[in-house]
Each structure stands twice: as C-alpha cells, then as structure tokens.
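File shown: start04.csv. Contents: CSV, C-alpha atoms.
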```csv
chain,number,residue,atom,x,y,z
J,1,MET,CA,27.3,-155.6,-68.0
J,2,THR,CA,29.0,-157.7,-65.3
J,3,ASP,CA,31.2,-155.4,-63.2
J,4,THR,CA,33.7,-158.1,-62.9
J,5,GLY,CA,34.2,-158.3,-66.6
J,6,ARG,CA,34.5,-154.6,-67.0
J,7,ARG,CA,36.9,-153.9,-64.1
J,8,ARG,CA,39.2,-156.6,-65.3
J,9,LEU,CA,39.5,-154.6,-68.5
J,10,GLY,CA,40.8,-151.7,-66.4
J,11,ARG,CA,38.1,-149.0,-66.3
J,12,PRO,CA,37.6,-147.1,-63.0
J,13,PRO,CA,34.2,-148.0,-61.5
J,14,LEU,CA,33.1,-144.4,-60.9
J,15,VAL,CA,33.4,-143.3,-64.6
J,16,GLU,CA,32.0,-146.7,-65.4
J,17,ASN,CA,28.7,-146.1,-63.7
J,18,ARG,CA,27.8,-143.0,-65.7
J,19,ARG,CA,29.0,-144.5,-68.9
J,20,GLN,CA,27.0,-147.7,-68.1
J,21,SER,CA,23.8,-145.9,-67.5
J,22,ILE,CA,24.1,-144.1,-70.8
J,23,LEU,CA,24.6,-147.5,-72.5
J,24,ASP,CA,21.7,-149.1,-70.6
J,25,SER,CA,19.3,-146.3,-71.5
J,26,ALA,CA,20.4,-146.2,-75.1
J,27,ALA,CA,20.2,-150.0,-75.6
J,28,ARG,CA,16.5,-149.9,-74.5
J,29,GLN,CA,15.8,-146.9,-76.8
J,30,PHE,CA,17.5,-148.6,-79.8
J,31,ALA,CA,15.7,-151.9,-79.3
J,32,GLU,CA,12.3,-150.3,-78.7
J,33,VAL,CA,12.3,-147.3,-81.0
J,34,GLY,CA,15.0,-148.2,-83.5
J,35,PHE,CA,18.5,-146.8,-84.1
J,36,GLU,CA,17.5,-144.6,-87.0
J,37,LYS,CA,14.6,-143.0,-85.0
J,38,THR,CA,16.7,-142.2,-81.9
J,39,SER,CA,18.7,-139.0,-81.6
J,40,LEU,CA,21.5,-138.2,-79.2
J,41,ARG,CA,19.3,-135.3,-77.9
J,42,GLU,CA,16.4,-137.7,-77.2
J,43,LEU,CA,18.8,-140.2,-75.5
J,44,ALA,CA,20.0,-137.4,-73.2
J,45,ALA,CA,16.5,-136.3,-72.5
J,46,ALA,CA,15.3,-139.8,-71.7
J,47,MET,CA,18.1,-140.1,-69.1
J,48,GLY,CA,17.5,-136.6,-67.7
J,49,VAL,CA,21.1,-135.4,-68.4
J,50,SER,CA,22.4,-132.8,-70.7
J,51,LYS,CA,23.6,-133.5,-74.2
J,52,ALA,CA,27.1,-132.4,-73.0
J,53,THR,CA,27.2,-135.2,-70.4
J,54,VAL,CA,26.5,-137.7,-73.1
J,55,TYR,CA,29.2,-136.1,-75.4
J,56,HIS,CA,31.7,-136.4,-72.5
J,57,TYR,CA,31.6,-140.2,-73.1
J,58,PHE,CA,30.5,-140.6,-76.7
J,59,GLN,CA,30.9,-138.4,-79.7
J,60,THR,CA,28.1,-140.0,-81.8
J,61,LYS,CA,25.1,-142.2,-81.6
J,62,GLN,CA,27.0,-144.7,-83.6
J,63,GLU,CA,29.7,-144.9,-81.0
J,64,ILE,CA,27.1,-145.7,-78.3
J,65,TYR,CA,25.7,-148.4,-80.5
J,66,ASP,CA,29.1,-150.0,-81.1
J,67,ALA,CA,29.9,-149.8,-77.4
J,68,ILE,CA,26.7,-151.6,-76.5
J,69,ILE,CA,27.5,-154.5,-78.9
J,70,VAL,CA,31.0,-154.9,-77.7
J,71,ASP,CA,29.9,-154.7,-74.0
J,72,ALA,CA,27.1,-157.2,-74.6
J,73,LEU,CA,29.4,-159.8,-76.3
J,74,ARG,CA,32.2,-159.3,-73.8
J,75,GLY,CA,29.8,-159.4,-70.8
J,76,LEU,CA,28.2,-162.6,-72.2
J,77,ALA,CA,31.5,-164.3,-72.8
J,78,VAL,CA,33.0,-163.3,-69.4
J,79,SER,CA,30.0,-164.1,-67.3
J,80,VAL,CA,29.5,-167.5,-68.9
J,81,GLU,CA,33.2,-168.3,-68.3
J,82,ALA,CA,32.9,-167.2,-64.7
J,83,ALA,CA,29.9,-169.5,-64.2
J,84,LEU,CA,31.8,-172.4,-65.7
J,85,ASP,CA,34.7,-172.0,-63.3
J,86,GLY,CA,35.3,-175.2,-61.4
J,87,VAL,CA,32.4,-177.1,-63.1
J,88,THR,CA,33.4,-180.5,-64.4
J,89,GLY,CA,31.8,-183.0,-66.8
J,90,ALA,CA,30.5,-182.3,-70.3
J,91,GLU,CA,26.8,-182.5,-69.5
J,92,ALA,CA,27.2,-180.3,-66.5
J,93,ARG,CA,29.4,-177.8,-68.3
J,94,LEU,CA,27.0,-177.6,-71.2
J,95,ARG,CA,24.1,-177.0,-68.8
J,96,VAL,CA,26.0,-174.2,-67.0
J,97,PHE,CA,26.9,-172.6,-70.4
J,98,MET,CA,23.3,-172.6,-71.4
J,99,THR,CA,21.7,-171.5,-68.2
J,100,ALA,CA,24.4,-168.8,-67.7
J,101,GLN,CA,23.6,-167.4,-71.1
J,102,GLY,CA,19.9,-167.5,-70.4
J,103,ASP,CA,20.6,-165.7,-67.1
J,104,PHE,CA,22.8,-163.1,-68.8
J,105,PHE,CA,20.2,-162.5,-71.5
J,106,GLU,CA,17.5,-161.9,-68.9
J,107,ARG,CA,19.6,-159.6,-66.8
J,108,HIS,CA,20.8,-157.5,-69.8
J,109,TYR,CA,17.8,-157.9,-71.9
J,110,TRP,CA,18.0,-154.7,-73.9
J,111,PHE,CA,21.8,-155.0,-74.5
J,112,PHE,CA,21.2,-158.5,-75.8
J,113,VAL,CA,18.3,-157.5,-78.1
J,114,THR,CA,20.3,-154.6,-79.5
J,115,MET,CA,23.4,-156.8,-79.9
J,116,LEU,CA,21.5,-159.5,-81.8
J,117,ILE,CA,19.8,-157.0,-84.1
J,118,GLY,CA,23.0,-155.0,-84.7
J,119,LEU,CA,26.3,-156.7,-85.3
J,120,GLY,CA,26.1,-156.1,-89.0
J,121,GLY,CA,25.5,-152.4,-88.5
J,122,MET,CA,28.7,-151.5,-86.5
J,123,HIS,CA,30.5,-148.4,-87.6
J,124,SER,CA,34.0,-148.6,-86.1
J,125,ALA,CA,36.2,-151.3,-87.6
J,126,ASP,CA,38.1,-151.7,-84.3
J,127,MET,CA,35.0,-152.1,-82.3
J,128,ARG,CA,33.7,-154.6,-84.8
J,129,ALA,CA,36.9,-156.6,-84.6
J,130,GLU,CA,36.6,-156.6,-80.8
J,131,ALA,CA,33.0,-157.7,-81.0
J,132,LEU,CA,33.8,-160.5,-83.3
J,133,LEU,CA,36.7,-161.5,-81.0
J,134,TRP,CA,34.4,-161.9,-78.0
J,135,ARG,CA,31.8,-163.7,-80.1
J,136,ARG,CA,34.4,-166.1,-81.3
J,137,ARG,CA,35.7,-166.7,-77.8
J,138,HIS,CA,32.2,-167.4,-76.6
J,139,GLU,CA,31.6,-169.9,-79.4
J,140,GLY,CA,35.0,-171.4,-78.7
J,141,THR,CA,34.1,-172.0,-75.1
J,142,LEU,CA,31.0,-173.9,-76.2
J,143,ARG,CA,32.7,-175.9,-78.9
J,144,ALA,CA,35.5,-176.9,-76.4
J,145,ILE,CA,32.9,-178.2,-74.0
J,146,ILE,CA,31.5,-180.4,-76.8
J,147,ARG,CA,34.9,-181.4,-78.2
J,148,ASP,CA,36.3,-182.3,-74.8
J,149,GLY,CA,33.1,-184.2,-73.9
J,150,VAL,CA,33.4,-186.3,-77.1
J,151,ALA,CA,37.1,-186.9,-76.5
J,152,ALA,CA,36.3,-188.1,-73.0
J,153,GLY,CA,33.5,-190.4,-74.2
J,154,GLU,CA,31.0,-188.4,-72.2
J,155,LEU,CA,29.2,-187.3,-75.4
J,156,ARG,CA,28.3,-189.1,-78.6
J,157,PRO,CA,30.8,-188.2,-81.4
J,158,VAL,CA,28.8,-185.2,-82.6
J,159,ASP,CA,30.2,-182.3,-84.7
J,160,PRO,CA,31.1,-179.5,-82.3
J,161,ALA,CA,30.3,-176.8,-85.0
J,162,VAL,CA,26.8,-178.2,-85.8
J,163,THR,CA,26.1,-178.8,-82.1
J,164,GLY,CA,27.4,-175.5,-81.0
J,165,ARG,CA,25.3,-173.7,-83.6
J,166,ALA,CA,22.2,-175.7,-82.5
J,167,VAL,CA,22.7,-174.6,-78.9
J,168,LEU,CA,23.3,-171.0,-79.7
J,169,SER,CA,20.3,-170.9,-82.1
J,170,MET,CA,17.9,-172.1,-79.4
J,171,LEU,CA,19.3,-169.6,-76.9
J,172,ASN,CA,19.6,-166.7,-79.3
J,173,TRP,CA,16.1,-167.1,-80.8
J,174,MET,CA,14.7,-166.4,-77.3
J,175,VAL,CA,15.3,-162.8,-78.2
J,176,ARG,CA,12.4,-163.1,-80.6
J,177,TRP,CA,9.8,-164.4,-78.2
J,178,TYR,CA,10.9,-164.3,-74.6
J,179,ARG,CA,10.1,-161.3,-72.4
J,180,PRO,CA,11.7,-160.9,-68.9
J,181,GLY,CA,9.3,-161.3,-66.1
J,182,GLY,CA,7.3,-164.2,-67.6
J,183,PRO,CA,6.3,-167.4,-65.8
J,184,GLN,CA,9.6,-169.1,-66.5
J,185,THR,CA,13.1,-167.6,-66.2
J,186,ALA,CA,15.3,-167.6,-69.3
J,187,ALA,CA,17.7,-169.9,-67.4
J,188,ALA,CA,14.9,-172.4,-66.8
J,189,ILE,CA,14.0,-172.4,-70.5
J,190,ALA,CA,17.7,-172.9,-71.3
J,191,ALA,CA,17.7,-175.9,-68.8
J,192,ASP,CA,14.7,-177.4,-70.6
J,193,TYR,CA,16.6,-177.1,-73.9
J,194,HIS,CA,19.7,-178.7,-72.4
J,195,ASP,CA,17.7,-181.7,-71.2
J,196,LEU,CA,16.1,-182.1,-74.6
J,197,LEU,CA,19.4,-181.9,-76.4
J,198,VAL,CA,21.3,-184.2,-74.0
J,199,ARG,CA,18.7,-186.9,-73.8
J,200,GLY,CA,17.4,-186.6,-77.4
J,201,LEU,CA,13.9,-187.7,-78.6
J,202,ARG,CA,14.3,-191.4,-78.8
J,203,PRO,CA,12.7,-193.4,-76.0
J,204,ALA,CA,15.2,-195.0,-73.6
J,205,ALA,CA,16.2,-198.5,-74.8
J,206,GLU,CA,14.4,-201.3,-72.9
J,207,PRO,CA,16.6,-202.6,-70.1
J,208,SER,CA,17.7,-206.1,-71.1
E,1,MET,CA,5.5,-168.9,-102.9
E,2,THR,CA,4.4,-172.4,-103.8
E,3,ASP,CA,1.9,-172.0,-106.6
E,4,THR,CA,-0.1,-174.9,-105.2
E,5,GLY,CA,-0.7,-173.0,-102.0
E,6,ARG,CA,-1.7,-169.8,-103.7
E,7,ARG,CA,-4.1,-171.3,-106.3
E,8,ARG,CA,-5.9,-173.2,-103.6
E,9,LEU,CA,-6.7,-169.9,-102.2
E,10,GLY,CA,-8.5,-169.0,-105.4
E,11,ARG,CA,-6.4,-166.4,-107.2
E,12,PRO,CA,-6.1,-166.7,-111.0
E,13,PRO,CA,-2.5,-167.7,-112.1
E,14,LEU,CA,-2.0,-164.8,-114.6
E,15,VAL,CA,-2.7,-162.0,-112.2
E,16,GLU,CA,-0.8,-164.0,-109.7
E,17,ASN,CA,2.5,-163.9,-111.7
E,18,ARG,CA,2.7,-160.1,-111.9
E,19,ARG,CA,1.6,-159.8,-108.3
E,20,GLN,CA,4.2,-162.4,-107.3
E,21,SER,CA,7.1,-160.7,-109.0
E,22,ILE,CA,6.2,-157.4,-107.2
E,23,LEU,CA,6.3,-159.2,-103.9
E,24,ASP,CA,9.6,-161.1,-104.8
E,25,SER,CA,11.3,-157.9,-105.7
E,26,ALA,CA,10.0,-156.0,-102.7
E,27,ALA,CA,11.0,-158.7,-100.3
E,28,ARG,CA,14.6,-158.5,-101.4
E,29,GLN,CA,14.5,-154.7,-101.2
E,30,PHE,CA,13.0,-154.7,-97.7
E,31,ALA,CA,15.4,-157.3,-96.4
E,32,GLU,CA,18.5,-155.7,-97.9
E,33,VAL,CA,17.8,-151.9,-97.8
E,34,GLY,CA,15.2,-151.8,-95.0
E,35,PHE,CA,11.5,-151.0,-95.1
E,36,GLU,CA,11.8,-147.4,-94.1
E,37,LYS,CA,14.4,-146.7,-96.7
E,38,THR,CA,12.4,-148.1,-99.6
E,39,SER,CA,9.8,-146.1,-101.5
E,40,LEU,CA,7.1,-147.4,-103.8
E,41,ARG,CA,8.7,-145.4,-106.6
E,42,GLU,CA,12.1,-147.2,-106.0
E,43,LEU,CA,10.4,-150.6,-105.9
E,44,ALA,CA,8.8,-149.9,-109.3
E,45,ALA,CA,12.1,-148.7,-110.8
E,46,ALA,CA,13.9,-151.8,-109.5
E,47,MET,CA,11.3,-154.0,-111.3
E,48,GLY,CA,11.4,-151.9,-114.5
E,49,VAL,CA,7.6,-151.2,-114.3
E,50,SER,CA,5.6,-148.0,-113.8
E,51,LYS,CA,4.4,-146.9,-110.4
E,52,ALA,CA,0.9,-147.3,-111.8
E,53,THR,CA,1.5,-151.0,-112.4
E,54,VAL,CA,2.5,-151.4,-108.8
E,55,TYR,CA,-0.6,-149.4,-107.7
E,56,HIS,CA,-2.8,-151.7,-109.7
E,57,TYR,CA,-2.0,-154.4,-107.1
E,58,PHE,CA,-1.1,-152.6,-104.0
E,59,GLN,CA,-2.1,-149.2,-102.7
E,60,THR,CA,0.8,-148.7,-100.2
E,61,LYS,CA,4.2,-150.0,-99.4
E,62,GLN,CA,2.7,-151.3,-96.2
E,63,GLU,CA,0.3,-153.4,-98.1
E,64,ILE,CA,3.1,-155.1,-100.0
E,65,TYR,CA,4.9,-155.7,-96.7
E,66,ASP,CA,1.8,-157.3,-95.1
E,67,ALA,CA,1.3,-159.5,-98.2
E,68,ILE,CA,4.8,-160.7,-98.1
E,69,ILE,CA,4.5,-161.8,-94.6
E,70,VAL,CA,1.1,-163.6,-95.1
E,71,ASP,CA,2.4,-165.3,-98.3
E,72,ALA,CA,5.6,-166.4,-96.6
E,73,LEU,CA,3.8,-168.0,-93.6
E,74,ARG,CA,1.1,-169.5,-95.8
E,75,GLY,CA,3.6,-170.8,-98.3
E,76,LEU,CA,5.7,-172.3,-95.5
E,77,ALA,CA,2.8,-174.0,-93.8
E,78,VAL,CA,1.3,-175.4,-97.1
E,79,SER,CA,4.6,-176.6,-98.5
E,80,VAL,CA,5.6,-178.4,-95.3
E,81,GLU,CA,2.2,-180.0,-95.1
E,82,ALA,CA,2.5,-181.1,-98.7
E,83,ALA,CA,5.9,-182.7,-98.0
E,84,LEU,CA,4.5,-184.5,-95.0
E,85,ASP,CA,1.7,-186.1,-97.1
E,86,GLY,CA,2.0,-189.9,-96.8
E,87,VAL,CA,5.0,-189.9,-94.5
E,88,THR,CA,4.6,-192.1,-91.4
E,89,GLY,CA,6.5,-192.4,-88.1
E,90,ALA,CA,7.4,-189.6,-85.8
E,91,GLU,CA,11.1,-189.5,-86.5
E,92,ALA,CA,10.6,-189.5,-90.3
E,93,ARG,CA,7.8,-186.9,-90.1
E,94,LEU,CA,9.9,-184.6,-87.9
E,95,ARG,CA,12.8,-185.0,-90.4
E,96,VAL,CA,10.5,-184.1,-93.3
E,97,PHE,CA,9.1,-181.1,-91.4
E,98,MET,CA,12.6,-179.8,-90.7
E,99,THR,CA,14.1,-180.4,-94.1
E,100,ALA,CA,11.0,-179.1,-95.9
E,101,GLN,CA,11.2,-175.9,-93.9
E,102,GLY,CA,14.9,-175.6,-94.7
E,103,ASP,CA,14.1,-176.1,-98.3
E,104,PHE,CA,11.3,-173.5,-98.3
E,105,PHE,CA,13.6,-171.1,-96.6
E,106,GLU,CA,16.3,-171.5,-99.2
E,107,ARG,CA,13.9,-171.2,-102.2
E,108,HIS,CA,12.1,-168.2,-100.7
E,109,TYR,CA,15.0,-166.6,-98.9
E,110,TRP,CA,14.0,-163.0,-99.1
E,111,PHE,CA,10.4,-163.7,-98.2
E,112,PHE,CA,11.6,-165.6,-95.2
E,113,VAL,CA,14.0,-162.9,-94.1
E,114,THR,CA,11.4,-160.2,-94.4
E,115,MET,CA,8.9,-162.3,-92.6
E,116,LEU,CA,11.1,-163.1,-89.7
E,117,ILE,CA,12.1,-159.4,-89.3
E,118,GLY,CA,8.6,-158.1,-89.7
E,119,LEU,CA,5.7,-159.8,-88.1
E,120,GLY,CA,5.5,-157.2,-85.4
E,121,GLY,CA,5.3,-154.4,-87.9
E,122,MET,CA,2.2,-155.4,-89.8
E,123,HIS,CA,-0.3,-152.7,-90.6
E,124,SER,CA,-3.5,-154.4,-91.4
E,125,ALA,CA,-5.3,-156.1,-88.6
E,126,ASP,CA,-6.9,-158.6,-91.0
E,127,MET,CA,-3.6,-159.5,-92.6
E,128,ARG,CA,-1.9,-159.8,-89.2
E,129,ALA,CA,-4.7,-162.1,-88.1
E,130,GLU,CA,-4.2,-164.3,-91.2
E,131,ALA,CA,-0.4,-164.3,-90.7
E,132,LEU,CA,-0.9,-165.5,-87.1
E,133,LEU,CA,-3.3,-168.1,-88.2
E,134,TRP,CA,-0.8,-169.6,-90.7
E,135,ARG,CA,2.0,-169.4,-88.1
E,136,ARG,CA,-0.2,-171.2,-85.5
E,137,ARG,CA,-1.1,-173.8,-88.1
E,138,HIS,CA,2.5,-174.5,-88.9
E,139,GLU,CA,3.4,-174.7,-85.2
E,140,GLY,CA,0.4,-177.0,-84.7
E,141,THR,CA,1.7,-179.4,-87.4
E,142,LEU,CA,5.0,-179.6,-85.6
E,143,ARG,CA,3.5,-180.1,-82.1
E,144,ALA,CA,1.1,-182.8,-83.5
E,145,ILE,CA,4.1,-184.7,-84.9
E,146,ILE,CA,5.7,-184.6,-81.4
E,147,ARG,CA,2.5,-185.3,-79.5
E,148,ASP,CA,1.5,-188.3,-81.7
E,149,GLY,CA,5.1,-189.6,-81.5
E,150,VAL,CA,5.0,-189.5,-77.7
E,151,ALA,CA,1.6,-191.1,-77.6
E,152,ALA,CA,2.7,-193.9,-79.9
E,153,GLY,CA,5.8,-194.5,-77.8
E,154,GLU,CA,8.0,-193.6,-80.7
E,155,LEU,CA,9.4,-190.5,-78.9
E,156,ARG,CA,10.4,-190.0,-75.3
E,157,PRO,CA,7.6,-188.2,-73.3
E,158,VAL,CA,8.9,-184.7,-74.1
E,159,ASP,CA,6.9,-181.5,-73.9
E,160,PRO,CA,5.6,-180.7,-77.4
E,161,ALA,CA,5.7,-176.9,-76.8
E,162,VAL,CA,9.3,-176.9,-75.6
E,163,THR,CA,10.4,-179.3,-78.2
E,164,GLY,CA,8.5,-177.5,-81.0
E,165,ARG,CA,10.1,-174.2,-80.0
E,166,ALA,CA,13.6,-175.8,-79.9
E,167,VAL,CA,13.0,-177.1,-83.5
E,168,LEU,CA,11.7,-173.8,-84.8
E,169,SER,CA,14.5,-171.8,-83.0
E,170,MET,CA,17.2,-173.9,-84.8
E,171,LEU,CA,15.5,-173.5,-88.1
E,172,ASN,CA,14.5,-169.9,-87.8
E,173,TRP,CA,17.9,-168.7,-86.5
E,174,MET,CA,19.4,-169.8,-89.9
E,175,VAL,CA,18.0,-166.5,-91.2
E,176,ARG,CA,20.8,-164.9,-89.2
E,177,TRP,CA,23.8,-166.8,-90.6
E,178,TYR,CA,22.8,-168.9,-93.6
E,179,ARG,CA,23.1,-167.6,-97.1
E,180,PRO,CA,21.8,-169.6,-100.1
E,181,GLY,CA,24.4,-171.0,-102.4
E,182,GLY,CA,26.8,-172.1,-99.6
E,183,PRO,CA,28.5,-175.4,-99.3
E,184,GLN,CA,25.6,-177.1,-97.6
E,185,THR,CA,21.9,-176.7,-98.5
E,186,ALA,CA,19.6,-175.4,-95.8
E,187,ALA,CA,17.7,-178.7,-95.9
E,188,ALA,CA,21.0,-180.6,-95.2
E,189,ILE,CA,21.7,-178.4,-92.2
E,190,ALA,CA,18.1,-179.0,-91.0
E,191,ALA,CA,18.8,-182.8,-91.4
E,192,ASP,CA,21.9,-182.4,-89.2
E,193,TYR,CA,19.8,-180.7,-86.5
E,194,HIS,CA,17.2,-183.4,-86.8
E,195,ASP,CA,19.8,-186.1,-86.2
E,196,LEU,CA,21.2,-184.2,-83.2
E,197,LEU,CA,17.8,-183.7,-81.7
E,198,VAL,CA,16.6,-187.2,-82.2
E,199,ARG,CA,19.7,-189.0,-81.0
E,200,GLY,CA,20.7,-186.5,-78.3
E,201,LEU,CA,24.2,-186.0,-76.9
E,202,ARG,CA,24.6,-189.0,-74.6
E,203,PRO,CA,26.7,-191.9,-75.9
E,204,ALA,CA,24.7,-195.0,-76.8
E,205,ALA,CA,24.4,-197.3,-73.8
E,206,GLU,CA,26.7,-200.3,-73.9
E,207,PRO,CA,25.0,-203.4,-75.2
E,208,SER,CA,24.6,-205.7,-72.3
```
Rewrite the coordinates I just gave you, this time as structure tokens.
Amino acid sequence: MTDTGRRRLGRPPLVENRRQSILDSAARQFAEVGFEKTSLRELAAAMGVSKATVYHYFQTKQEIYDAIIVDALRGLAVSVEAALDGVTGAEARLRVFMTAQGDFFERHYWFFVTMLIGLGGMHSADMRAEALLWRRRHEGTLRAIIRDGVAAGELRPVDPAVTGRAVLSMLNWMVRWYRPGGPQTAAAIAADYHDLLVRGLRPAAEPS
Amino acid sequence: MTDTGRRRLGRPPLVENRRQSILDSAARQFAEVGFEKTSLRELAAAMGVSKATVYHYFQTKQEIYDAIIVDALRGLAVSVEAALDGVTGAEARLRVFMTAQGDFFERHYWFFVTMLIGLGGMHSADMRAEALLWRRRHEGTLRAIIRDGVAAGELRPVDPAVTGRAVLSMLNWMVRWYRPGGPQTAAAIAADYHDLLVRGLRPAAEPS
C-alpha cells in the first residue's frame, strides 16, 4: 500500500514493513492458489519466516484476508485522492482518477485481485465496515467529479451514479484480463477508456 | 440457454430438457456454494433425482462445469446475433448488442455468473477450445459493429479493440453488483451505458 496513506493512519513504519510483507505475500498466495487452499503454515513457509512471526501480527488466515481488503481499498482511495490534489477541471480530474486507479492496480496487483474477489467473504464485521467505508469514499470522489463537472457545464448532464459505475466497471474488469508487465501500462489503458468516454462514439459535428 | 441455439447444434429437445435442468441447477449451486464445495451427490439431491440420472448425462462434476461454460458462451453469442438480425446502423446495432447481452445475462443469471468465474478452470481441452471459440465469435460480432460503423462514418474513428473491451467490461462487471429482480432490468442498464458511450461526456457544442 502507499506508505503515505498508512502512516497517516498512525502505524509506525518499522512494524509496518514486516506486517506489509506478510500481506503482500498472502495476497499473491490467495489470488493464485485460493484462500481455501492456503494455510497459515504455508504462508509462513513461502515468506521464509516462522509461523510465530506471522502470529505476532495476525491470529488467523481470515484476519490477513480482511486486512488485505481494507488496505487495498484504503490505499486505492488515498492514492487516487493524492493524485487529484491540485488538479482542476472535470475532464482532467476524471482522467487523473482513472489513470491513478490504473496505476494503483498495477503497483498493487495481487492486493487488487484479492480485494475484487473477496469483499463478500470478509469475516470481521468491523473490518468489513471499514472496507465499505473506503469503497464508498472512493466512489464518492468519482461521483463528485462528475456532479461538479455537470454543475459547471463542463460535462453533459449525465447521471453521476450510472457514469461512475461505468467508469469503475471498465477499470475493475481489468482484473480479469490485464497482467502487469504487458505492452501497455494499466494507466495507459485507463487513459484510452477516458478518451472514449469523454468524446463518445459519435463523429464530431461538421463545422458550420 | 436459448433453445434455438442448442437445437441448431443438433441435440434432440427431449434429452435436452433433462440435461438442461441438470445444468441450470448445477450453475446455481456452483455460483452460490462454490465448485469445490459441491458434490455430484448434492447436485442430484438438490434436483430430486438419483445420482445415476446425473451420471447418465455427465461422468464428473467437472464435465458439468465445462458444459455450463460452453453453453453460456454459445447461448450468449447466438442470442445476441439473433437479436441483431435485420438491425441496421452502427448506433442501433451497438444498442441491440448491449441490451441483448443484458437480457441474456438476466435470463441466465447463474450460467453467466458461473461462466465469468470459471473460464480459467475448465478441465477438458476440447470444451475449453469450444468456449474460447464462442467467446471470440461474440467479441468479433461487437468489433465488427464498431469497425463497420467507423468505416461508414457513423462512428468516430475509435479503436475497435479498446472500444469493444470497454463495452464488455461494463456489461460483464454487472455480474459483480447486479441481482435479477431489482428496480431496473439488466437490459435497461445496458441501454444507459450505451447512451453514455455513444454521446460521451462533453456537452453538445453550441449551435453556431
């Protein structure tokens, strides 16, 4: 996750690193092998640490899973908001929202995959509430960009809910086909989608 | 699945009905409970038939799974093509493509959910090849609509691959949030996406 986002939430960086590497390793394992098929013992072995080390941070596999989902959603919301800082104009802000999410997805690929597979399967009600809070905040950022753009006459009077969902569908579906390290970055693909969505499919009207 | 599509492929309707009800029931079970957690015995019990009846059609749980995925992709491709029959103009054809997929998704919800979860997990190489063939055909239908529309000057010169992917992302992601029986049909949501995509986000130019 973005260090900025985490530190703001008051965890000391040293402890953070070890905890973070457990989550990184577990996210990949869950996404590739599946949650059911992964044991805490195997997670520890894959990281080259003892089970006791893992237990120092997390009591159960489910706790790790929940932490990955909360961290992914918080990291996404916080890093997109940071990217938007100081950017003005609805088109530009929408572009930054989309490319920053593409970028976050690429940098935290396994977190993102696990998160999109797993929100329904969270165990702790508190963690689930926190996850939903971050998700709502992220969606709220997007809808506000659209709503403000419509209000300012910079965008056509579209429905912020429908439009926001269309944007997130295009970005989230990347988890199903995009693999990091391909010919195009996830941010570049997000920029293509932005261009498509902003300009639409109709040919430009003839200048008269 | 659409009977039209199935019969064309030469299976007699009577056998088809029993086979179909096994697939319908299994699709729901796989999507709700998970493939790993479902046994052939439980599938038979849920349908109120003997295990022997199920075995008459399918030797393994994996065979059922593979058949669901092939049937879903074939049914989708065939029913969208049938809906497009006689429709002219790129905007109208794209609209029908999108709403027909929404409609198919709603009518065959559990098939669709299982299919979108499971293409990677297919067992039989032949069935996988057939599934990919139908998927490619469906994507090809969509890209041809866009390519022809661009060639005819009815659409802006967009990239058919990027645009096709954007369309399918919006439609496919519905599997993650849409539940049949809500306030809006899946086809109505698809029509909203179509409007958004065709008209774009920029306000109409001032008439001069």
Quiz prompt | Residue hits in chain E, query chain J, radius 8 Å, all atoms listed in the file, as a PyMOL selection string | solution = chain E and resi 153-158+162-163+166+169-170+172-174+192-193+196-204+208
Quiz item: Distance atom CA of Val70 of chain E-atom CA of Arg93 of chain E, one decimal place?
Solution: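 That distance, rounded to one decimal, is 24.8 Å.
For the atom pair formed by atom CA of Val175 of chain E and atom CA of Gly121 of chain J, the distance is 16.2 Å, given to one decimal.
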Quiz item: In file coordinates, which residues lie within 8 Å of (28.1, -151.2, -84.8) using all atoms listed in the file, given as JSON, numbers by chain?
Solution: {"J": [62, 63, 65, 66, 67, 69, 118, 119, 120, 121, 122, 123, 124, 127, 128]}
Tell me, as a short mmCIF file (atom, residue, chain, number, x, y, z; two decimals) with C-alpha atoms, in the coordinates of the input, which residues lie within 10 Å of Ala191 of chain J, counting all atoms listed in the file; anything in the same chain fewer than 4 positions away does not count.
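Below you can see part32.cif, which holds the result:
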```
data_model
loop_
_atom_site.label_atom_id
_atom_site.label_comp_id
_atom_site.auth_asym_id
_atom_site.auth_seq_id
_atom_site.Cartn_x
_atom_site.Cartn_y
_atom_site.Cartn_z
CA LEU J 94 27.00 -177.60 -71.20
CA ARG J 95 24.10 -177.00 -68.80
CA VAL J 96 26.00 -174.20 -67.00
CA PHE J 97 26.90 -172.60 -70.40
CA MET J 98 23.30 -172.60 -71.40
CA THR J 99 21.70 -171.50 -68.20
CA ALA J 100 24.40 -168.80 -67.70
CA GLY J 102 19.90 -167.50 -70.40
CA THR J 185 13.10 -167.60 -66.20
CA ALA J 186 15.30 -167.60 -69.30
CA ALA J 187 17.70 -169.90 -67.40
CA ASP J 195 17.70 -181.70 -71.20
CA LEU J 196 16.10 -182.10 -74.60
CA LEU J 197 19.40 -181.90 -76.40
#
```
Exercise. May I ask for the distance between atom CA of Gly48 of chain E and atom CA of Gln20 of chain E, given in Å to one decimal place?
Key: 14.6 Å
Quiz item: When distances are computed from all atoms listed in the file, which of J:Ala125, J:Phe58, J:Leu76, J:Val33 shows the smallest separation from Glu106 of chain J?
Solution: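 Looking only at the distances to Glu106 of chain J, the closest residue turns out to be J:Leu76.
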Self-check item: Expected residue set, 12 Å radius at (37.5, -162.7, -76.7), only C-alpha atoms, as a count of residues only
Solution: 25
Self-check item: Which residue of J:Ser79, J:Ala27, J:Arg143, J:Tyr178 approaches Lys61 of chain J most closely, using all atoms listed in the file
Solution: J:Ala27
Quiz prompt | Residue nearest Val80 of chain E - candidates E:Thr60, E:Ser39, E:Gln101, E:Asn17, atoms counted: all atoms listed in the file | solution = E:Gln101
Practice problem: Please provide the set of residues having any atom within 12 Å of Glu42 of chain E, restricted to all atoms listed in the file, with same-chain residues fewer than 4 positions apart removed, written as a VMD selection string. | Solution: chain E and resid 22 25 to 26 29 to 30 33 35 to 38 46 to 51 54 61
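Between Phe112 of chain J and the residues J:Ile68, J:Gly181, J:Leu43, J:Ala161, the shortest atom-to-atom distance, using all atoms listed in the file, involves J:Ile68.
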